[in-house]
$ cat final_16.txt   # compact mmCIF, C-alpha atoms
# COMPACT_ATOMS: atom_id res chain seq x y z
CA LEU W 1 -53.99 27.82 48.04
CA CYS W 2 -50.46 27.13 49.26
CA LEU W 3 -50.53 23.62 47.81
CA VAL W 4 -51.58 24.95 44.42
CA TRP W 5 -48.89 27.65 44.70
CA TRP W 6 -46.22 25.03 45.37
CA PHE W 7 -47.48 22.82 42.56
CA MET W 8 -47.30 25.73 40.10
CA ASP W 9 -44.05 27.14 41.51
CA LEU W 10 -42.03 23.97 42.04
CA GLY W 11 -43.75 21.35 39.95
CA LEU W 12 -44.48 23.18 36.75
CA TYR W 13 -41.26 25.21 36.81
CA ASN W 14 -39.10 22.12 37.27
CA GLY W 15 -41.33 20.33 34.76
CA CYS W 16 -40.67 23.00 32.15
CA THR W 17 -36.95 22.72 32.82
CA MET W 18 -37.10 18.93 32.35
CA ILE W 19 -39.07 19.32 29.11
CA MET W 20 -36.52 21.87 27.90
CA ALA W 21 -33.71 19.42 28.70
CA LEU W 22 -35.40 16.73 26.63
CA GLY W 23 -35.96 19.27 23.87
CA SER W 24 -32.29 20.24 23.84
CA ILE W 25 -31.29 16.60 23.41
CA GLU W 26 -33.84 16.25 20.62
CA ARG W 27 -32.52 19.37 18.91
CA TYR W 28 -29.16 17.63 18.60
CA LEU W 29 -30.82 14.46 17.28
CA PHE W 30 -32.92 16.42 14.77
CA ILE W 31 -29.81 18.04 13.33
CA PHE W 32 -27.41 15.08 13.22
CA HIS W 33 -29.71 12.05 13.19
CA ASP W 34 -32.73 13.35 11.31
CA ARG W 35 -33.27 10.08 9.44
CA MET W 36 -34.28 8.50 12.73
CA TYR W 37 -37.47 10.56 12.73
CA LEU W 38 -38.54 9.67 9.18
CA ILE W 39 -39.88 6.24 10.15
CA LYS W 40 -43.21 6.45 11.93
CA LYS W 41 -42.40 3.75 14.50
CA LYS W 42 -39.04 5.31 15.42
CA ARG W 43 -40.64 8.75 15.62
CA LEU W 44 -43.18 7.36 18.06
CA ILE W 45 -40.50 5.68 20.17
CA PHE W 46 -37.91 8.46 20.16
CA HIS W 47 -40.11 11.56 20.03
CA TYR W 48 -43.64 11.09 21.36
CA ILE W 49 -43.21 8.43 24.05
CA PRO W 50 -40.39 10.25 25.93
CA TYR W 51 -42.52 13.42 26.16
CA ILE W 52 -45.59 11.47 27.29
CA LEU W 53 -43.59 9.61 29.94
CA LEU W 54 -41.93 12.82 31.12
CA LEU W 55 -45.26 14.63 31.44
CA LEU W 56 -46.74 11.69 33.36
CA TYR W 57 -43.71 11.63 35.66
CA ILE W 58 -43.92 15.38 36.32
CA PHE W 59 -47.61 15.37 37.17
CA ILE W 60 -47.58 12.14 39.20
CA PHE W 61 -44.46 13.04 41.19
CA TYR W 62 -45.53 16.57 42.10
CA ILE W 63 -49.15 15.68 42.79
CA ILE W 64 -48.02 12.96 45.19
CA VAL W 65 -45.33 14.94 47.04
CA ILE W 66 -47.28 18.19 47.26
CA PHE W 67 -50.89 17.12 47.73
CA PHE W 68 -50.19 13.82 49.55
CA PRO W 69 -46.84 14.45 51.25
CA PRO W 70 -45.12 11.92 53.53
CA CYS W 71 -44.96 14.64 56.20
CA THR W 72 -47.12 17.43 57.57
CA ASN W 73 -46.91 20.85 55.96
CA LYS W 74 -46.95 23.83 58.29
CA PHE W 75 -48.40 26.95 56.76
CA ASP W 76 -47.35 30.44 57.77
CA TYR W 77 -49.75 32.84 56.05
CA THR W 78 -47.74 35.90 57.10
CA LEU W 79 -44.99 35.05 54.60
CA PRO W 80 -45.35 36.23 51.01
CA ALA W 81 -45.07 32.71 49.55
CA CYS W 82 -46.85 30.34 51.99
CA ASN W 83 -43.58 29.14 53.61
CA ASP W 84 -40.21 28.69 52.05
CA PHE W 85 -40.95 25.26 50.61
CA PRO W 86 -43.11 22.18 51.12
CA CYS W 87 -42.15 19.71 53.82
CA TYR W 88 -41.17 16.91 51.42
CA LEU W 89 -37.99 18.86 50.61
CA ASN W 90 -36.83 18.19 54.20
CA ASP W 91 -37.02 14.45 53.55
CA PRO W 92 -33.48 13.31 52.69
CA LEU W 93 -34.50 11.04 49.82
CA LEU W 94 -37.28 13.13 48.24
CA GLY W 95 -35.49 16.44 48.80
CA ILE W 96 -32.27 15.30 47.19
CA TRP W 97 -34.18 13.53 44.37
CA ASP W 98 -36.18 16.67 43.59
CA SER W 99 -33.15 18.95 43.80
CA ILE W 100 -30.72 16.83 41.82
CA ILE W 101 -32.87 14.89 39.34
CA ASN W 102 -35.66 17.41 38.74
CA SER W 103 -33.70 20.66 38.89
CA VAL W 104 -29.90 20.45 38.73
CA LEU W 105 -29.62 17.63 36.18
CA PRO W 106 -31.96 19.20 33.58
CA THR W 107 -30.10 22.49 33.85
CA LEU W 108 -26.80 20.70 33.23
CA ILE W 109 -28.31 18.74 30.33
CA ILE W 110 -29.52 21.94 28.67
CA THR W 111 -26.10 23.53 28.99
CA ILE W 112 -24.02 20.52 28.00
CA SER W 113 -26.18 19.54 25.03
CA SER W 114 -26.13 23.11 23.71
CA VAL W 115 -22.34 23.32 23.98
CA ILE W 116 -21.96 19.88 22.38
CA LEU W 117 -24.23 20.95 19.53
CA LEU W 118 -22.13 24.03 18.84
CA LEU W 119 -18.90 22.05 18.99
CA ARG W 120 -20.29 19.29 16.77
CA VAL W 121 -21.39 21.78 14.12
CA TYR W 122 -17.97 23.40 14.19
CA TYR W 123 -16.04 20.10 13.96
CA HIS W 124 -18.44 18.69 11.36
CA LYS W 125 -17.78 21.65 9.09
CA ARG W 126 -14.06 21.33 9.72
CA HIS W 127 -14.10 17.60 9.01
CA LEU W 128 -15.86 18.13 5.68
CA HIS W 129 -13.23 20.76 4.78
CA ARG W 130 -15.87 23.41 4.31
CA PRO W 131 -15.30 26.99 5.33
CA ASN W 132 -16.86 27.80 8.64
CA LEU W 133 -19.12 30.72 7.76
CA TRP W 134 -20.07 32.18 11.11
CA ARG W 135 -22.71 34.41 9.52
CA ARG W 136 -24.83 31.35 8.76
CA GLN W 137 -24.32 29.91 12.21
CA ARG W 138 -24.75 33.17 14.06
CA LYS W 139 -28.51 32.71 14.50
CA MET W 140 -28.11 29.21 15.92
CA THR W 141 -25.28 30.34 18.20
CA ILE W 142 -27.25 33.31 19.52
CA GLN W 143 -30.33 31.14 20.13
CA LEU W 144 -28.34 28.49 21.98
CA LEU W 145 -26.51 31.03 24.11
CA CYS W 146 -29.80 32.73 24.99
CA VAL W 147 -31.32 29.41 26.03
CA CYS W 148 -28.28 28.57 28.16
CA VAL W 149 -28.25 31.96 29.83
CA LEU W 150 -32.03 31.85 30.35
CA TYR W 151 -31.75 28.61 32.31
CA LEU W 152 -28.40 29.15 33.99
CA VAL W 153 -28.85 32.61 35.49
CA PRO W 154 -31.86 31.84 37.70
CA ASN W 155 -31.30 28.10 38.16
CA ILE W 156 -27.67 27.83 39.24
CA PRO W 157 -27.96 30.11 42.32
CA LEU W 158 -31.32 28.57 43.25
CA ASN W 159 -29.98 25.03 42.87
CA ILE W 160 -26.92 25.86 44.97
CA LEU W 161 -29.10 27.29 47.76
CA VAL W 162 -31.52 24.36 47.78
CA PHE W 163 -28.70 21.83 47.72
CA ALA W 164 -26.85 23.68 50.51
CA HIS W 165 -30.01 23.58 52.65
CA LEU W 166 -30.23 19.85 52.06
CA CYS W 167 -26.61 19.44 53.12
CA GLY W 168 -27.20 21.16 56.45
CA LEU W 169 -27.11 24.90 55.86
CA PRO W 170 -29.70 26.52 58.17
CA ASP W 171 -33.01 27.27 56.48
CA THR W 172 -32.79 30.93 57.46
CA VAL W 173 -29.72 31.49 55.26
CA GLY W 174 -30.60 32.71 51.78
CA VAL W 175 -34.38 32.82 52.24
CA GLU W 176 -34.94 36.16 50.49
CA PRO W 177 -32.67 35.44 47.47
CA GLN W 178 -34.32 32.03 47.14
CA LEU W 179 -37.75 33.69 46.87
CA TYR W 180 -36.49 35.95 44.11
CA PHE W 181 -34.76 33.20 42.14
$ encode --input "final_16.txt" --output "structure tokens"
Amino acid sequence: LCLVWWFMDLGLYNGCTMIMALGSIERYLFIFHDRMYLIKKKRLIFHYIPYILLLLYIFIFYIIVIFFPPCTNKFDYTLPACNDFPCYLNDPLLGIWDSIINSVLPTLIITISSVILLLRVYYHKRHLHRPNLWRRQRKMTIQLLCVCVLYLVPNIPLNILVFAHLCGLPDTVGVEPQLYF
């Protein structure tokens, strides 16, 4: 049960964040490079294959590190969440890889690509000497800000705690906030 919990909690949550990061990059491409998706071959290469590869990566990585870890998991069934985290996060290479590549980087990609999209729309309108009617762009701006806030509020504190634990902060520091985030 704890292995399934970790797979759902860590694997699928980080997987959704990675898929959202890819989606935020694609949102930019759909708006400013939409002709790229008109050709069937390019659509396959730039739209379908990245999602298929990302899904394969997510499932293969988390199945291997959670169900077949390079270490021995110790289960404490008195805790509300089957331990703080699986043992592979204590491994310097796998722990840093999972924290940085699978969690921190997608969060940054979501934020940066959303800000770049807003700036590009603004400068594109300015470059074409068209009036910048914020009423038309209000919906897009609100949606992008909501997406950024949705991923930043829970992920930034969690990512800081996990990364601090990897850098040597004792595991007992921040255990309860980490469970909530």
$ closest_residue --input "final_16.txt" --among "W:Gly168, W:Pro86, W:Pro69, W:Pro106" --to "Ser24 in chain W" --atoms "all atoms listed in the file"
W:Pro106
$ atom_distance --input "final_16.txt" --atom1 "CA of Tyr62 in chain W" --atom2 "CA of Leu22 in chain W"
18.5 Å
$ closest_atom_pairs --input "final_16.txt" --of "range 18-104 of chain W" --to "range 142-148 of chain W" --cutoff "12 Å" --atoms "only C-alpha atoms" --output "tab-separated table"
residue	atom	partner	partner_atom	distance
W:Met20	CA	W:Val147	CA	9.3
W:Ala21	CA	W:Val147	CA	10.6
W:Gly23	CA	W:Val147	CA	11.4
W:Ser24	CA	W:Leu144	CA	9.3
W:Arg27	CA	W:Leu144	CA	10.5
W:Tyr28	CA	W:Leu144	CA	11.4
$ atom_distance --input "final_16.txt" --atom1 "CA of Leu10 in chain W" --atom2 "CA of Phe75 in chain W"
16.3 Å
$ atom_distance --input "final_16.txt" --atom1 "CA of Phe67 in chain W" --atom2 "CA of Pro92 in chain W"
18.5 Å
$ residues_around --input "final_16.txt" --residues "Cys2 in chain W" --least-positions-apart "3" --cutoff "7 Å" --atoms "all atoms listed in the file" --output "PDB file with C-alpha atoms, in the coordinates of the input"
ATOM      1  CA  TRP W   5     -48.890  27.650  44.700  1.00  0.00           C
ATOM      2  CA  TRP W   6     -46.220  25.030  45.370  1.00  0.00           C
ATOM      3  CA  CYS W  82     -46.850  30.340  51.990  1.00  0.00           C
TER       4      CYS W  82
END
$ decode --input "final_16.txt" --residues "range 32-80 of chain W" --atoms "C-alpha atoms" --output "PDB file, in the first residue's frame"
ATOM      1  CA  PHE W  32       2.988  32.027 -32.349  1.00  0.00           C
ATOM      2  CA  HIS W  33       3.964  29.053 -34.529  1.00  0.00           C
ATOM      3  CA  ASP W  34       0.592  27.542 -35.377  1.00  0.00           C
ATOM      4  CA  ARG W  35       1.595  26.718 -38.957  1.00  0.00           C
ATOM      5  CA  MET W  36       3.968  24.113 -37.566  1.00  0.00           C
ATOM      6  CA  TYR W  37       0.996  21.987 -36.505  1.00  0.00           C
ATOM      7  CA  LEU W  38      -0.802  22.089 -39.863  1.00  0.00           C
ATOM      8  CA  ILE W  39       1.443  19.466 -41.466  1.00  0.00           C
ATOM      9  CA  LYS W  40       0.646  15.963 -40.261  1.00  0.00           C
ATOM     10  CA  LYS W  41       4.279  14.852 -39.984  1.00  0.00           C
ATOM     11  CA  LYS W  42       5.321  17.937 -37.997  1.00  0.00           C
ATOM     12  CA  ARG W  43       2.273  17.577 -35.757  1.00  0.00           C
ATOM     13  CA  LEU W  44       3.312  14.005 -35.025  1.00  0.00           C
ATOM     14  CA  ILE W  45       6.901  15.020 -34.281  1.00  0.00           C
ATOM     15  CA  PHE W  46       6.221  18.177 -32.270  1.00  0.00           C
ATOM     16  CA  HIS W  47       2.944  17.292 -30.553  1.00  0.00           C
ATOM     17  CA  TYR W  48       2.277  13.573 -30.145  1.00  0.00           C
ATOM     18  CA  ILE W  49       5.769  12.104 -29.797  1.00  0.00           C
ATOM     19  CA  PRO W  50       6.876  14.445 -26.952  1.00  0.00           C
ATOM     20  CA  TYR W  51       3.778  13.514 -24.914  1.00  0.00           C
ATOM     21  CA  ILE W  52       4.247   9.797 -25.576  1.00  0.00           C
ATOM     22  CA  LEU W  53       7.925   9.961 -24.598  1.00  0.00           C
ATOM     23  CA  LEU W  54       7.141  11.997 -21.492  1.00  0.00           C
ATOM     24  CA  LEU W  55       4.448   9.555 -20.358  1.00  0.00           C
ATOM     25  CA  LEU W  56       6.801   6.610 -20.929  1.00  0.00           C
ATOM     26  CA  TYR W  57       9.533   8.379 -18.967  1.00  0.00           C
ATOM     27  CA  ILE W  58       7.194   9.149 -16.058  1.00  0.00           C
ATOM     28  CA  PHE W  59       5.875   5.618 -15.736  1.00  0.00           C
ATOM     29  CA  ILE W  60       9.210   3.855 -16.284  1.00  0.00           C
ATOM     30  CA  PHE W  61      11.161   6.118 -13.931  1.00  0.00           C
ATOM     31  CA  TYR W  62       8.693   5.982 -11.050  1.00  0.00           C
ATOM     32  CA  ILE W  63       7.927   2.280 -11.407  1.00  0.00           C
ATOM     33  CA  ILE W  64      11.644   1.500 -11.252  1.00  0.00           C
ATOM     34  CA  VAL W  65      12.564   3.801  -8.340  1.00  0.00           C
ATOM     35  CA  ILE W  66       9.486   3.054  -6.241  1.00  0.00           C
ATOM     36  CA  PHE W  67       8.739  -0.611  -6.881  1.00  0.00           C
ATOM     37  CA  PHE W  68      12.338  -1.732  -7.583  1.00  0.00           C
ATOM     38  CA  PRO W  69      14.430   0.764  -5.595  1.00  0.00           C
ATOM     39  CA  PRO W  70      18.239   0.604  -5.358  1.00  0.00           C
ATOM     40  CA  CYS W  71      17.863   0.616  -1.556  1.00  0.00           C
ATOM     41  CA  THR W  72      15.623  -0.875   1.096  1.00  0.00           C
ATOM     42  CA  ASN W  73      12.493   1.000   2.110  1.00  0.00           C
ATOM     43  CA  LYS W  74      11.659   1.054   5.802  1.00  0.00           C
ATOM     44  CA  PHE W  75       7.978   1.351   6.534  1.00  0.00           C
ATOM     45  CA  ASP W  76       6.606   3.017   9.643  1.00  0.00           C
ATOM     46  CA  TYR W  77       2.872   2.332   9.689  1.00  0.00           C
ATOM     47  CA  THR W  78       2.283   4.666  12.630  1.00  0.00           C
ATOM     48  CA  LEU W  79       2.857   7.720  10.424  1.00  0.00           C
ATOM     49  CA  PRO W  80      -0.056   9.124   8.435  1.00  0.00           C
TER      50      PRO W  80
END
